[in-house]
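run.cif (mmCIF, C-alpha atoms and all ligand atoms)
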data_structure
#
loop_
_atom_site.label_atom_id
_atom_site.label_comp_id
_atom_site.auth_asym_id
_atom_site.auth_seq_id
_atom_site.Cartn_x
_atom_site.Cartn_y
_atom_site.Cartn_z
CA MET P 1 121.82 16.22 224.28
CA LYS P 2 122.60 13.28 226.55
CA ARG P 3 125.98 11.85 225.57
CA THR P 4 126.85 8.22 226.33
CA ILE P 5 130.45 7.59 227.25
CA GLU P 6 131.69 4.04 227.38
CA ILE P 7 135.07 2.84 228.54
CA ALA P 8 136.49 -0.26 226.84
CA GLU P 9 137.08 -3.29 229.00
CA ASN P 10 140.64 -3.67 230.25
CA ALA P 11 141.49 -0.07 229.23
CA GLY P 12 144.54 1.43 230.89
CA ALA P 13 147.42 0.38 233.09
CA CYS P 14 148.38 -3.29 233.03
CA TYR P 15 149.53 -5.32 236.01
CA GLY P 16 153.24 -4.66 235.39
CA VAL P 17 152.79 -0.89 235.12
CA GLU P 18 150.52 -0.70 238.19
CA ARG P 19 153.12 -2.66 240.12
CA ALA P 20 156.00 -0.42 238.95
CA LEU P 21 154.04 2.68 239.97
CA ARG P 22 153.24 1.22 243.38
CA LEU P 23 156.87 0.26 244.02
CA THR P 24 157.98 3.74 242.96
CA ARG P 25 155.49 5.46 245.26
CA GLU P 26 156.67 3.24 248.12
CA ALA P 27 160.32 3.98 247.30
CA LYS P 28 159.81 7.72 247.74
CA GLY P 29 160.48 7.30 251.45
CA ASP P 30 163.71 5.34 250.81
CA VAL P 31 167.29 6.50 250.49
CA ARG P 32 167.36 9.86 248.70
CA PRO P 33 167.70 11.01 245.98
CA VAL P 34 165.33 8.63 244.19
CA HIS P 35 165.82 7.96 240.45
CA THR P 36 164.29 5.70 237.86
CA LEU P 37 166.80 4.24 235.41
CA GLY P 38 165.25 5.67 232.23
CA PRO P 39 161.60 6.89 232.18
CA LEU P 40 159.56 4.52 234.37
CA ILE P 41 156.79 4.10 231.79
CA HIS P 42 155.90 5.52 228.36
CA ASN P 43 153.61 8.18 229.78
CA PRO P 44 155.18 11.67 229.91
CA ARG P 45 152.48 13.02 232.27
CA VAL P 46 153.13 10.30 234.85
CA VAL P 47 156.90 10.78 234.48
CA ALA P 48 156.45 14.56 235.03
CA GLU P 49 154.23 13.95 238.09
CA LEU P 50 156.86 11.62 239.56
CA GLU P 51 159.51 14.27 238.90
CA GLY P 52 157.36 16.76 240.84
CA ASP P 53 157.27 14.26 243.71
CA GLY P 54 161.07 14.03 243.76
CA VAL P 55 161.56 10.93 241.59
CA SER P 56 163.82 11.99 238.73
CA VAL P 57 164.88 10.15 235.58
CA ALA P 58 168.54 9.16 235.32
CA ASN P 59 169.69 7.74 232.02
CA SER P 60 172.77 6.04 233.44
CA LEU P 61 174.34 5.06 236.76
CA ASP P 62 176.81 7.94 236.36
CA GLU P 63 173.94 10.38 235.99
CA ALA P 64 172.21 8.99 239.10
CA GLN P 65 175.44 8.94 241.16
CA THR P 66 173.85 7.87 244.48
CA GLY P 67 170.60 7.09 246.32
CA THR P 68 167.73 4.82 245.27
CA LEU P 69 167.56 3.40 241.76
CA ILE P 70 164.26 2.03 240.47
CA LEU P 71 164.53 -0.47 237.59
CA ARG P 72 161.60 -0.06 235.21
CA SER P 73 159.02 -2.66 234.20
CA HIS P 74 160.75 -3.36 230.83
CA GLY P 75 163.71 -4.86 232.69
CA THR P 76 167.43 -4.15 232.87
CA ALA P 77 170.64 -5.94 231.86
CA PRO P 78 172.12 -8.11 234.67
CA GLN P 79 175.50 -6.36 234.34
CA ILE P 80 173.89 -2.98 235.10
CA ILE P 81 172.02 -4.39 238.13
CA ALA P 82 175.24 -5.91 239.48
CA GLU P 83 177.15 -2.67 238.95
CA ALA P 84 174.41 -0.61 240.61
CA LYS P 85 174.55 -2.85 243.69
CA GLU P 86 178.34 -2.73 243.72
CA ARG P 87 178.26 1.07 243.63
CA GLY P 88 176.00 1.05 246.70
CA PHE P 89 172.68 2.11 245.14
CA ASN P 90 169.53 1.07 246.95
CA VAL P 91 168.11 -0.95 244.03
CA VAL P 92 164.32 -1.35 243.70
CA ASP P 93 163.54 -3.86 240.97
CA ALA P 94 160.21 -2.93 239.35
CA THR P 95 160.75 -5.30 236.40
CA CYS P 96 157.37 -6.81 235.48
CA PRO P 97 157.40 -10.44 236.68
CA TYR P 98 156.34 -11.55 233.17
CA VAL P 99 159.43 -9.85 231.74
CA SER P 100 161.65 -11.39 234.47
CA LYS P 101 160.37 -14.78 233.36
CA VAL P 102 161.51 -14.18 229.77
CA GLN P 103 164.92 -13.04 231.04
CA GLN P 104 165.26 -16.17 233.19
CA HIS P 105 164.27 -18.43 230.29
CA ALA P 106 166.89 -16.76 228.06
CA LYS P 107 169.56 -17.34 230.71
CA GLU P 108 168.52 -20.95 231.39
CA LEU P 109 168.46 -21.82 227.68
CA ALA P 110 171.91 -20.27 227.27
CA ASP P 111 173.23 -22.18 230.31
CA ALA P 112 171.79 -25.42 228.88
CA GLY P 113 173.75 -24.97 225.65
CA TYR P 114 170.98 -23.70 223.37
CA ALA P 115 171.54 -20.93 220.84
CA VAL P 116 168.88 -18.36 221.72
CA VAL P 117 166.52 -16.66 219.28
CA ILE P 118 164.45 -13.76 220.61
CA ILE P 119 161.23 -13.02 218.79
CA GLY P 120 160.81 -9.28 219.36
CA GLU P 121 161.56 -5.73 218.19
CA PRO P 122 165.37 -5.49 218.07
CA LYS P 123 165.66 -1.98 219.54
CA HIS P 124 162.96 -2.22 222.20
CA ALA P 125 164.20 -1.74 225.79
CA GLU P 126 162.59 -5.00 226.95
CA VAL P 127 164.31 -6.92 224.16
CA GLU P 128 167.68 -5.29 224.85
CA GLY P 129 167.34 -6.45 228.46
CA ILE P 130 166.42 -10.03 227.45
CA ARG P 131 169.34 -10.05 225.04
CA ALA P 132 171.72 -9.15 227.86
CA TRP P 133 170.33 -12.00 230.00
CA GLY P 134 170.90 -14.48 227.15
CA GLY P 135 174.44 -13.16 226.63
CA LYS P 136 176.62 -14.61 223.88
CA ALA P 137 174.13 -17.44 223.25
CA VAL P 138 171.73 -15.00 221.54
CA VAL P 139 172.14 -15.58 217.80
CA ALA P 140 169.14 -13.63 216.45
CA VAL P 141 166.51 -11.04 217.36
CA ALA P 142 163.64 -10.88 214.89
CA ASP P 143 160.04 -9.71 214.76
CA GLU P 144 159.67 -10.89 211.17
CA PRO P 145 161.17 -13.82 209.24
CA SER P 146 163.33 -11.53 207.03
CA LYS P 147 165.30 -10.46 210.11
CA LEU P 148 166.50 -14.01 210.81
CA PRO P 149 169.98 -15.04 209.64
CA GLU P 150 170.24 -17.48 206.72
CA THR P 151 171.42 -20.29 208.98
CA LEU P 152 170.92 -21.19 212.63
CA PRO P 153 172.76 -23.63 214.94
CA ALA P 154 171.18 -27.11 215.23
CA LYS P 155 169.82 -26.61 218.76
CA VAL P 156 167.79 -23.44 219.25
CA GLY P 157 165.82 -22.12 222.24
CA VAL P 158 163.22 -19.43 221.54
CA VAL P 159 161.94 -16.74 223.89
CA ILE P 160 159.35 -14.14 222.97
CA GLN P 161 158.99 -10.44 223.84
CA THR P 162 155.91 -10.19 226.06
CA THR P 163 153.92 -7.93 223.73
CA GLN P 164 154.43 -9.73 220.41
CA SER P 165 151.32 -10.66 218.40
CA GLU P 166 150.48 -14.30 217.74
CA LYS P 167 150.69 -13.67 213.99
CA ARG P 168 154.27 -12.38 214.13
CA VAL P 169 155.35 -15.12 216.53
CA ASN P 170 153.97 -17.86 214.29
CA ALA P 171 155.59 -16.40 211.17
CA VAL P 172 159.05 -16.23 212.77
CA LEU P 173 158.67 -19.58 214.53
CA SER P 174 157.86 -21.51 211.38
CA CYS P 175 161.02 -20.13 209.78
CA VAL P 176 163.14 -21.00 212.84
CA ARG P 177 161.79 -24.56 212.66
CA GLU P 178 162.95 -24.82 209.06
CA LEU P 179 166.45 -23.62 209.94
CA ALA P 180 167.18 -25.62 213.13
CA ASP P 181 166.99 -29.34 213.97
CA GLU P 182 165.81 -28.98 217.56
CA VAL P 183 163.66 -26.02 218.65
CA LEU P 184 162.57 -25.46 222.24
CA VAL P 185 160.01 -22.65 222.59
CA LYS P 186 159.29 -20.83 225.83
CA GLU P 187 155.82 -19.27 225.63
CA THR P 188 156.32 -15.85 227.18
CA VAL P 189 153.68 -13.61 225.59
CA CYS P 190 151.62 -11.52 228.05
CA ASN P 191 148.06 -11.10 226.84
CA ALA P 192 147.61 -7.54 228.22
CA THR P 193 148.09 -6.03 224.74
CA GLN P 194 145.81 -8.42 222.85
CA VAL P 195 143.06 -8.16 225.45
CA ARG P 196 143.13 -4.33 225.19
CA GLN P 197 143.10 -4.40 221.39
CA ARG P 198 140.21 -6.84 221.19
CA ALA P 199 138.04 -4.82 223.59
CA ALA P 200 138.95 -1.51 221.89
CA ALA P 201 138.02 -2.89 218.45
CA GLU P 202 134.68 -4.16 219.72
CA LEU P 203 133.84 -0.73 221.18
CA ALA P 204 135.20 1.27 218.19
CA SER P 205 132.91 -0.66 215.85
CA ARG P 206 129.74 0.70 217.52
CA VAL P 207 130.50 4.28 218.68
CA ASP P 208 130.45 7.65 216.86
CA ALA P 209 133.86 8.73 218.15
CA MET P 210 136.70 7.02 219.93
CA VAL P 211 139.33 8.53 222.23
CA VAL P 212 142.57 6.62 222.78
CA ILE P 213 144.53 7.89 225.80
CA GLY P 214 148.26 7.34 226.25
CA GLY P 215 151.73 8.73 225.64
CA HIS P 216 152.56 9.73 222.08
CA ASN P 217 155.77 7.73 222.70
CA SER P 218 153.84 4.61 223.74
CA GLY P 219 153.95 1.82 221.15
CA ASN P 220 150.99 -0.10 222.52
CA THR P 221 148.84 3.09 222.55
CA HIS P 222 149.70 3.70 218.88
CA ARG P 223 148.63 0.18 218.07
CA LEU P 224 145.31 0.73 219.85
CA TYR P 225 144.79 3.84 217.71
CA GLU P 226 145.59 1.85 214.57
CA VAL P 227 143.12 -0.86 215.55
CA CYS P 228 140.31 1.66 216.23
CA LYS P 229 140.76 4.14 213.36
CA PRO P 230 139.51 1.91 210.49
CA LEU P 231 136.49 0.88 212.57
CA CYS P 232 135.68 4.41 213.74
CA PRO P 233 137.09 7.21 211.52
CA ALA P 234 136.61 9.78 214.30
CA THR P 235 139.34 8.25 216.47
CA TYR P 236 141.70 10.56 218.40
CA HIS P 237 144.95 9.67 220.16
CA ILE P 238 145.55 12.09 223.04
CA GLU P 239 147.76 12.42 226.10
CA SER P 240 145.43 14.88 227.82
CA THR P 241 142.13 16.74 227.31
CA ASP P 242 143.99 19.83 225.92
CA GLU P 243 144.28 17.91 222.66
CA LEU P 244 140.52 17.37 222.28
CA ASP P 245 138.60 19.78 220.06
CA PRO P 246 135.27 20.43 221.87
CA VAL P 247 133.61 21.38 218.54
CA ALA P 248 134.29 17.93 217.11
CA PHE P 249 132.32 16.34 219.98
CA LYS P 250 129.33 18.73 220.12
CA ALA P 251 126.99 16.53 218.10
CA VAL P 252 128.51 13.18 219.10
CA GLU P 253 126.11 10.96 221.05
CA HIS P 254 128.15 7.89 221.76
CA VAL P 255 131.86 8.14 222.63
CA GLY P 256 134.18 5.25 223.38
CA ILE P 257 137.35 5.52 225.45
CA THR P 258 140.30 3.20 225.61
CA ALA P 259 143.82 3.65 226.96
CA GLY P 260 147.26 2.12 226.60
CA ALA P 261 148.91 -0.14 229.15
CA SER P 262 150.84 2.82 230.63
CA THR P 263 147.81 5.02 231.26
CA PRO P 264 146.66 5.25 234.89
CA ALA P 265 142.94 5.15 235.77
CA SER P 266 143.04 8.81 236.91
CA GLN P 267 143.78 9.98 233.33
CA ILE P 268 140.89 7.91 231.95
CA GLU P 269 138.51 9.41 234.54
CA GLU P 270 139.72 12.93 233.68
CA VAL P 271 138.89 12.46 229.98
CA LYS P 272 135.52 10.89 230.80
CA ARG P 273 134.57 13.84 233.04
CA TYR P 274 135.67 16.32 230.37
CA LEU P 275 133.52 14.65 227.71
CA GLU P 276 130.53 14.46 230.07
CA ASN P 277 130.70 18.19 230.75
CA LEU P 278 131.08 19.37 227.16
S1 LIG P 301 152.25 -5.56 229.09
FE1 LIG P 301 152.35 -7.50 230.26
S2 LIG P 301 154.54 -7.93 230.38
FE2 LIG P 301 154.39 -5.79 229.80
S3 LIG P 301 154.44 -4.67 231.75
FE3 LIG P 301 152.28 -5.04 231.27
S4 LIG P 301 151.77 -6.96 232.36
FE4 LIG P 301 154.00 -6.83 232.24
#
Represent the structure of the file as structure tokens.
Amino acid sequence: MKRTIEIAENAGACYGVERALRLTREAKGDVRPVHTLGPLIHNPRVVAELEGDGVSVANSLDEAQTGTLILRSHGTAPQIIAEAKERGFNVVDATCPYVSKVQQHAKELADAGYAVVIIGEPKHAEVEGIRAWGGKAVVAVADEPSKLPETLPAKVGVVIQTTQSEKRVNAVLSCVRELADEVLVKETVCNATQVRQRAAAELASRVDAMVVIGGHNSGNTHRLYEVCKPLCPATYHIESTDELDPVAFKAVEHVGITAGASTPASQIEEVKRYLENL
């Protein structure tokens, strides 16, 4: 049986992740040892490959001690960057430029006297970084209206986590507008997530089975799975081909593939080849 395998448009690594991987590869020749501050991306296979190439994960400056320190695409608090430089680390900033923009907006709004509201997931690393850039001016972090405080200062500046959906942003924003007199919104959403979801949904609606590739710890990969599953019940979230059951694909004629924003093209190709040779 001839099996058709189709890859969704925009599947896989986004601009910020590609850039972080490139900067890390380039940094391998820098001052040794080379560390990333926290896992570089939410893709355990890539993190393990980097480890094999001599780029280890340090969860704090104390753990890294010396050498080159790569700051991941989600961004880092300014205090940690300053301390790393002070301690003599060779700092490579792989913060995604879209995330840097949110951080700068948070700082500028704070400097201009605005109380800052961050629309985003409170415990997400990117949001924790933005919060640190906004400092004491940050009065709320919310990804739904119920997480906002009952009152807000009169003058509020809003920044948005890059991966928030339009629906969530609008819901929180309309509440902020009711609570504050003056609201200045900085549009900081990156469309990488929406673009992937839209293309994955389109493909999932017309294939017999769908494979979603990405770390089990990757939030945006989970969301891709959630988008595809109702449209194509035979949807599988995998990190590698070991998790695919060949029997389940024997009679499948048309397979769709998509992948999260932290999945490199090589992992997509590997799955495609595997399915072709079944
Ligand atoms: S999803 Fe967007 S903001 Fe986040 S790393 Fe990728 S390109 Fe940057």
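Counting from atom CA of Ile118 of chain P, the distance to atom CA of Val141 of chain P is 4.7 Å.
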Can you report as JSON the centre and edge lengths in Å, to one decimal, of an axis-aligned box around the listed atoms of ligand LIG 301 (chain P) padded with 5 Å on each side?
{"center_x": 153.2, "center_y": -6.3, "center_z": 230.7, "size_x": 12.8, "size_y": 13.3, "size_z": 13.3}
Neighbour residues at most 12 Å from (157.0, 11.5, 234.7) (only C-alpha atoms) as an NGL selection string: :P and (21 or 24 or 35-36 or 38-58 or 215 or 262-263)
Find the residues near Val207 of chain P: any atom within 7 Å, counting all atoms listed in the file, skip ones fewer than 4 places away on the same chain, and give them as a CSV table (one decimal) with C-alpha atoms, in the coordinates of the input.
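Saved result, part-v7.csv, follows:
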chain,number,residue,atom,x,y,z
P,203,LEU,CA,133.8,-0.7,221.2
P,254,HIS,CA,128.2,7.9,221.8
P,255,VAL,CA,131.9,8.1,222.6
P,256,GLY,CA,134.2,5.2,223.4
Rank nothing, just name the residue among P:Pro149, P:Pro78, P:Pro97, P:Gly88 nearest to Gly16 of chain P, using all atoms listed in the file. P:Pro97
Close residues, Ala200 of chain P itself excluded, 7 Å, all atoms listed in the file, min 2 positions apart in chain, as an MDAnalysis selection string: chainID P and resid 8 196:198 202:204 228 258
Do a neighbour search on Asn191 of chain P at 12 Å with only C-alpha atoms, toss out local chain neighbours closer than 3 positions, and write the hits as a ChimeraX atom specification. /P:10,14-16,98,161-166,187-188,194-198,261
Residues as selected, C-alpha atoms, written as an mmCIF file, in the coordinates of the input, can you do that?
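Listing of selection.cif after writing:
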data_model
loop_
_atom_site.group_PDB
_atom_site.id
_atom_site.type_symbol
_atom_site.label_atom_id
_atom_site.label_comp_id
_atom_site.auth_asym_id
_atom_site.auth_seq_id
_atom_site.Cartn_x
_atom_site.Cartn_y
_atom_site.Cartn_z
ATOM 1 C CA ASN P 10 140.640 -3.670 230.250
ATOM 2 C CA CYS P 14 148.380 -3.290 233.030
ATOM 3 C CA TYR P 15 149.530 -5.320 236.010
ATOM 4 C CA GLY P 16 153.240 -4.660 235.390
ATOM 5 C CA TYR P 98 156.340 -11.550 233.170
ATOM 6 C CA GLN P 161 158.990 -10.440 223.840
ATOM 7 C CA THR P 162 155.910 -10.190 226.060
ATOM 8 C CA THR P 163 153.920 -7.930 223.730
ATOM 9 C CA GLN P 164 154.430 -9.730 220.410
ATOM 10 C CA SER P 165 151.320 -10.660 218.400
ATOM 11 C CA GLU P 166 150.480 -14.300 217.740
ATOM 12 C CA GLU P 187 155.820 -19.270 225.630
ATOM 13 C CA THR P 188 156.320 -15.850 227.180
ATOM 14 C CA GLN P 194 145.810 -8.420 222.850
ATOM 15 C CA VAL P 195 143.060 -8.160 225.450
ATOM 16 C CA ARG P 196 143.130 -4.330 225.190
ATOM 17 C CA GLN P 197 143.100 -4.400 221.390
ATOM 18 C CA ARG P 198 140.210 -6.840 221.190
ATOM 19 C CA ALA P 261 148.910 -0.140 229.150
#
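Remark: residues at most 9 Å from position (164.4, -20.9, 208.0) in file coordinates are Pro145, Leu148, Pro149, Glu150, Thr151, Leu152, Val172, Leu173, Ser174, Cys175, Val176, Arg177, Glu178, Leu179 and Ala180 of chain P, using all atoms listed in the file.
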P:Glu182, P:Arg25, P:Gly67, P:Ser205: which is nearest Val227 of chain P, counting only C-alpha atoms? P:Ser205
Of the residues P:Glu18, P:Ile7, P:Asp62, P:Ile130, which is the one nearest to ligand LIG 301 (chain P), using only C-alpha atoms and all ligand atoms? P:Glu18
Please provide as a PyMOL selection string all residues within 12 Å of Ala248 of chain P, with the sequence filter that same-chain residues fewer than 2 positions apart are discarded (counting all atoms listed in the file). chain P and resi 208-211+234-236+243-246+250-253+255+275+278
Excluding His105 of chain P and its own-chain neighbours fewer than 6 positions away, which residues fall within 10 Å of it when counting only C-alpha atoms? Please give them as an mmCIF file with C-alpha atoms, in the frame of the given file.
data_model
loop_
_atom_site.group_PDB
_atom_site.id
_atom_site.type_symbol
_atom_site.label_atom_id
_atom_site.label_comp_id
_atom_site.auth_asym_id
_atom_site.auth_seq_id
_atom_site.Cartn_x
_atom_site.Cartn_y
_atom_site.Cartn_z
ATOM 1 C CA VAL P 99 159.430 -9.850 231.740
ATOM 2 C CA ASP P 111 173.230 -22.180 230.310
ATOM 3 C CA VAL P 116 168.880 -18.360 221.720
ATOM 4 C CA ILE P 130 166.420 -10.030 227.450
ATOM 5 C CA TRP P 133 170.330 -12.000 230.000
ATOM 6 C CA GLY P 134 170.900 -14.480 227.150
ATOM 7 C CA GLY P 157 165.820 -22.120 222.240
ATOM 8 C CA VAL P 158 163.220 -19.430 221.540
ATOM 9 C CA VAL P 159 161.940 -16.740 223.890
ATOM 10 C CA ILE P 160 159.350 -14.140 222.970
ATOM 11 C CA VAL P 185 160.010 -22.650 222.590
ATOM 12 C CA LYS P 186 159.290 -20.830 225.830
ATOM 13 C CA GLU P 187 155.820 -19.270 225.630
ATOM 14 C CA THR P 188 156.320 -15.850 227.180
#
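Comparing the minimum interatomic distances between ligand LIG 301 (chain P) and each of P:His74, P:Lys123, P:Arg32, P:Arg87, counting all atoms listed in the file, we find that P:His74 sits nearest.
Interatomic distance, atom CA of Ala171 of chain P against atom CA of Ser73 of chain P: 27.0 Å.
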So how many Å separate atom CA of Val271 of chain P and atom CA of Leu231 of chain P, to one decimal? 21.0 Å
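Nearest residue to Ala94 of chain P among P:Glu63, P:Lys136, P:His124, P:Leu23 is P:Leu23, counting all atoms listed in the file.
Nearest residue to ligand LIG 301 (chain P), choosing from P:Pro230, P:Gly75, P:Pro153, P:Gly29 and counting all atoms listed in the file: P:Gly75.
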Incomplete segment 194-219 of chain P filled out to N, CA and C atoms as a PDB file, keeping the file's coordinate frame:
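Final output, saved to out.pdb:
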ATOM      1  N   GLN P 194     146.879  -7.857 223.684  1.00  0.00           N
ATOM      2  CA  GLN P 194     145.810  -8.420 222.850  1.00  0.00           C
ATOM      3  C   GLN P 194     144.427  -8.163 223.447  1.00  0.00           C
ATOM      4  N   VAL P 195     144.346  -8.336 224.763  1.00  0.00           N
ATOM      5  CA  VAL P 195     143.060  -8.160 225.450  1.00  0.00           C
ATOM      6  C   VAL P 195     142.565  -6.717 225.260  1.00  0.00           C
ATOM      7  N   ARG P 196     143.495  -5.730 225.374  1.00  0.00           N
ATOM      8  CA  ARG P 196     143.130  -4.330 225.190  1.00  0.00           C
ATOM      9  C   ARG P 196     142.685  -4.066 223.737  1.00  0.00           C
ATOM     10  N   GLN P 197     143.424  -4.638 222.801  1.00  0.00           N
ATOM     11  CA  GLN P 197     143.100  -4.400 221.390  1.00  0.00           C
ATOM     12  C   GLN P 197     141.742  -4.984 221.024  1.00  0.00           C
ATOM     13  N   ARG P 198     141.482  -6.173 221.514  1.00  0.00           N
ATOM     14  CA  ARG P 198     140.210  -6.840 221.190  1.00  0.00           C
ATOM     15  C   ARG P 198     139.036  -6.009 221.712  1.00  0.00           C
ATOM     16  N   ALA P 199     139.126  -5.575 222.974  1.00  0.00           N
ATOM     17  CA  ALA P 199     138.040  -4.820 223.590  1.00  0.00           C
ATOM     18  C   ALA P 199     137.882  -3.450 222.910  1.00  0.00           C
ATOM     19  N   ALA P 200     139.004  -2.832 222.539  1.00  0.00           N
ATOM     20  CA  ALA P 200     138.950  -1.510 221.890  1.00  0.00           C
ATOM     21  C   ALA P 200     138.274  -1.635 220.524  1.00  0.00           C
ATOM     22  N   ALA P 201     138.601  -2.699 219.779  1.00  0.00           N
ATOM     23  CA  ALA P 201     138.020  -2.890 218.450  1.00  0.00           C
ATOM     24  C   ALA P 201     136.510  -3.105 218.561  1.00  0.00           C
ATOM     25  N   GLU P 202     136.114  -3.881 219.533  1.00  0.00           N
ATOM     26  CA  GLU P 202     134.680  -4.160 219.720  1.00  0.00           C
ATOM     27  C   GLU P 202     133.937  -2.844 219.980  1.00  0.00           C
ATOM     28  N   LEU P 203     134.504  -1.996 220.835  1.00  0.00           N
ATOM     29  CA  LEU P 203     133.840  -0.730 221.180  1.00  0.00           C
ATOM     30  C   LEU P 203     133.882   0.242 219.988  1.00  0.00           C
ATOM     31  N   ALA P 204     135.045   0.327 219.320  1.00  0.00           N
ATOM     32  CA  ALA P 204     135.200   1.270 218.190  1.00  0.00           C
ATOM     33  C   ALA P 204     134.194   0.970 217.082  1.00  0.00           C
ATOM     34  N   SER P 205     133.808  -0.295 216.954  1.00  0.00           N
ATOM     35  CA  SER P 205     132.910  -0.660 215.850  1.00  0.00           C
ATOM     36  C   SER P 205     131.472  -0.207 216.090  1.00  0.00           C
ATOM     37  N   ARG P 206     131.143   0.308 217.290  1.00  0.00           N
ATOM     38  CA  ARG P 206     129.740   0.700 217.520  1.00  0.00           C
ATOM     39  C   ARG P 206     129.578   2.078 218.170  1.00  0.00           C
ATOM     40  N   VAL P 207     130.644   2.915 218.141  1.00  0.00           N
ATOM     41  CA  VAL P 207     130.500   4.280 218.680  1.00  0.00           C
ATOM     42  C   VAL P 207     130.668   5.309 217.559  1.00  0.00           C
ATOM     43  N   ASP P 208     130.315   6.586 217.874  1.00  0.00           N
ATOM     44  CA  ASP P 208     130.450   7.650 216.860  1.00  0.00           C
ATOM     45  C   ASP P 208     131.855   8.258 216.887  1.00  0.00           C
ATOM     46  N   ALA P 209     132.496   8.207 218.042  1.00  0.00           N
ATOM     47  CA  ALA P 209     133.860   8.730 218.150  1.00  0.00           C
ATOM     48  C   ALA P 209     134.602   7.927 219.203  1.00  0.00           C
ATOM     49  N   MET P 210     135.897   7.847 219.024  1.00  0.00           N
ATOM     50  CA  MET P 210     136.700   7.020 219.930  1.00  0.00           C
ATOM     51  C   MET P 210     137.908   7.834 220.391  1.00  0.00           C
ATOM     52  N   VAL P 211     138.176   7.818 221.694  1.00  0.00           N
ATOM     53  CA  VAL P 211     139.330   8.530 222.230  1.00  0.00           C
ATOM     54  C   VAL P 211     140.303   7.502 222.806  1.00  0.00           C
ATOM     55  N   VAL P 212     141.538   7.552 222.322  1.00  0.00           N
ATOM     56  CA  VAL P 212     142.570   6.620 222.780  1.00  0.00           C
ATOM     57  C   VAL P 212     143.565   7.425 223.623  1.00  0.00           C
ATOM     58  N   ILE P 213     143.687   7.088 224.903  1.00  0.00           N
ATOM     59  CA  ILE P 213     144.530   7.890 225.800  1.00  0.00           C
ATOM     60  C   ILE P 213     145.857   7.185 226.071  1.00  0.00           C
ATOM     61  N   GLY P 214     146.948   7.928 225.944  1.00  0.00           N
ATOM     62  CA  GLY P 214     148.260   7.340 226.250  1.00  0.00           C
ATOM     63  C   GLY P 214     149.370   8.178 225.660  1.00  0.00           C
ATOM     64  N   GLY P 215     150.581   7.954 226.107  1.00  0.00           N
ATOM     65  CA  GLY P 215     151.730   8.730 225.640  1.00  0.00           C
ATOM     66  C   GLY P 215     151.882   8.648 224.127  1.00  0.00           C
ATOM     67  N   HIS P 216     152.287   9.772 223.525  1.00  0.00           N
ATOM     68  CA  HIS P 216     152.560   9.730 222.080  1.00  0.00           C
ATOM     69  C   HIS P 216     153.801   8.882 221.804  1.00  0.00           C
ATOM     70  N   ASN P 217     154.584   8.594 222.855  1.00  0.00           N
ATOM     71  CA  ASN P 217     155.770   7.730 222.700  1.00  0.00           C
ATOM     72  C   ASN P 217     155.474   6.283 223.103  1.00  0.00           C
ATOM     73  N   SER P 218     154.187   5.956 223.289  1.00  0.00           N
ATOM     74  CA  SER P 218     153.840   4.610 223.740  1.00  0.00           C
ATOM     75  C   SER P 218     153.416   3.729 222.559  1.00  0.00           C
ATOM     76  N   GLY P 219     154.213   2.710 222.287  1.00  0.00           N
ATOM     77  CA  GLY P 219     153.950   1.820 221.150  1.00  0.00           C
ATOM     78  C   GLY P 219     152.603   1.140 221.242  1.00  0.00           C
TER      79      GLY P 219
END
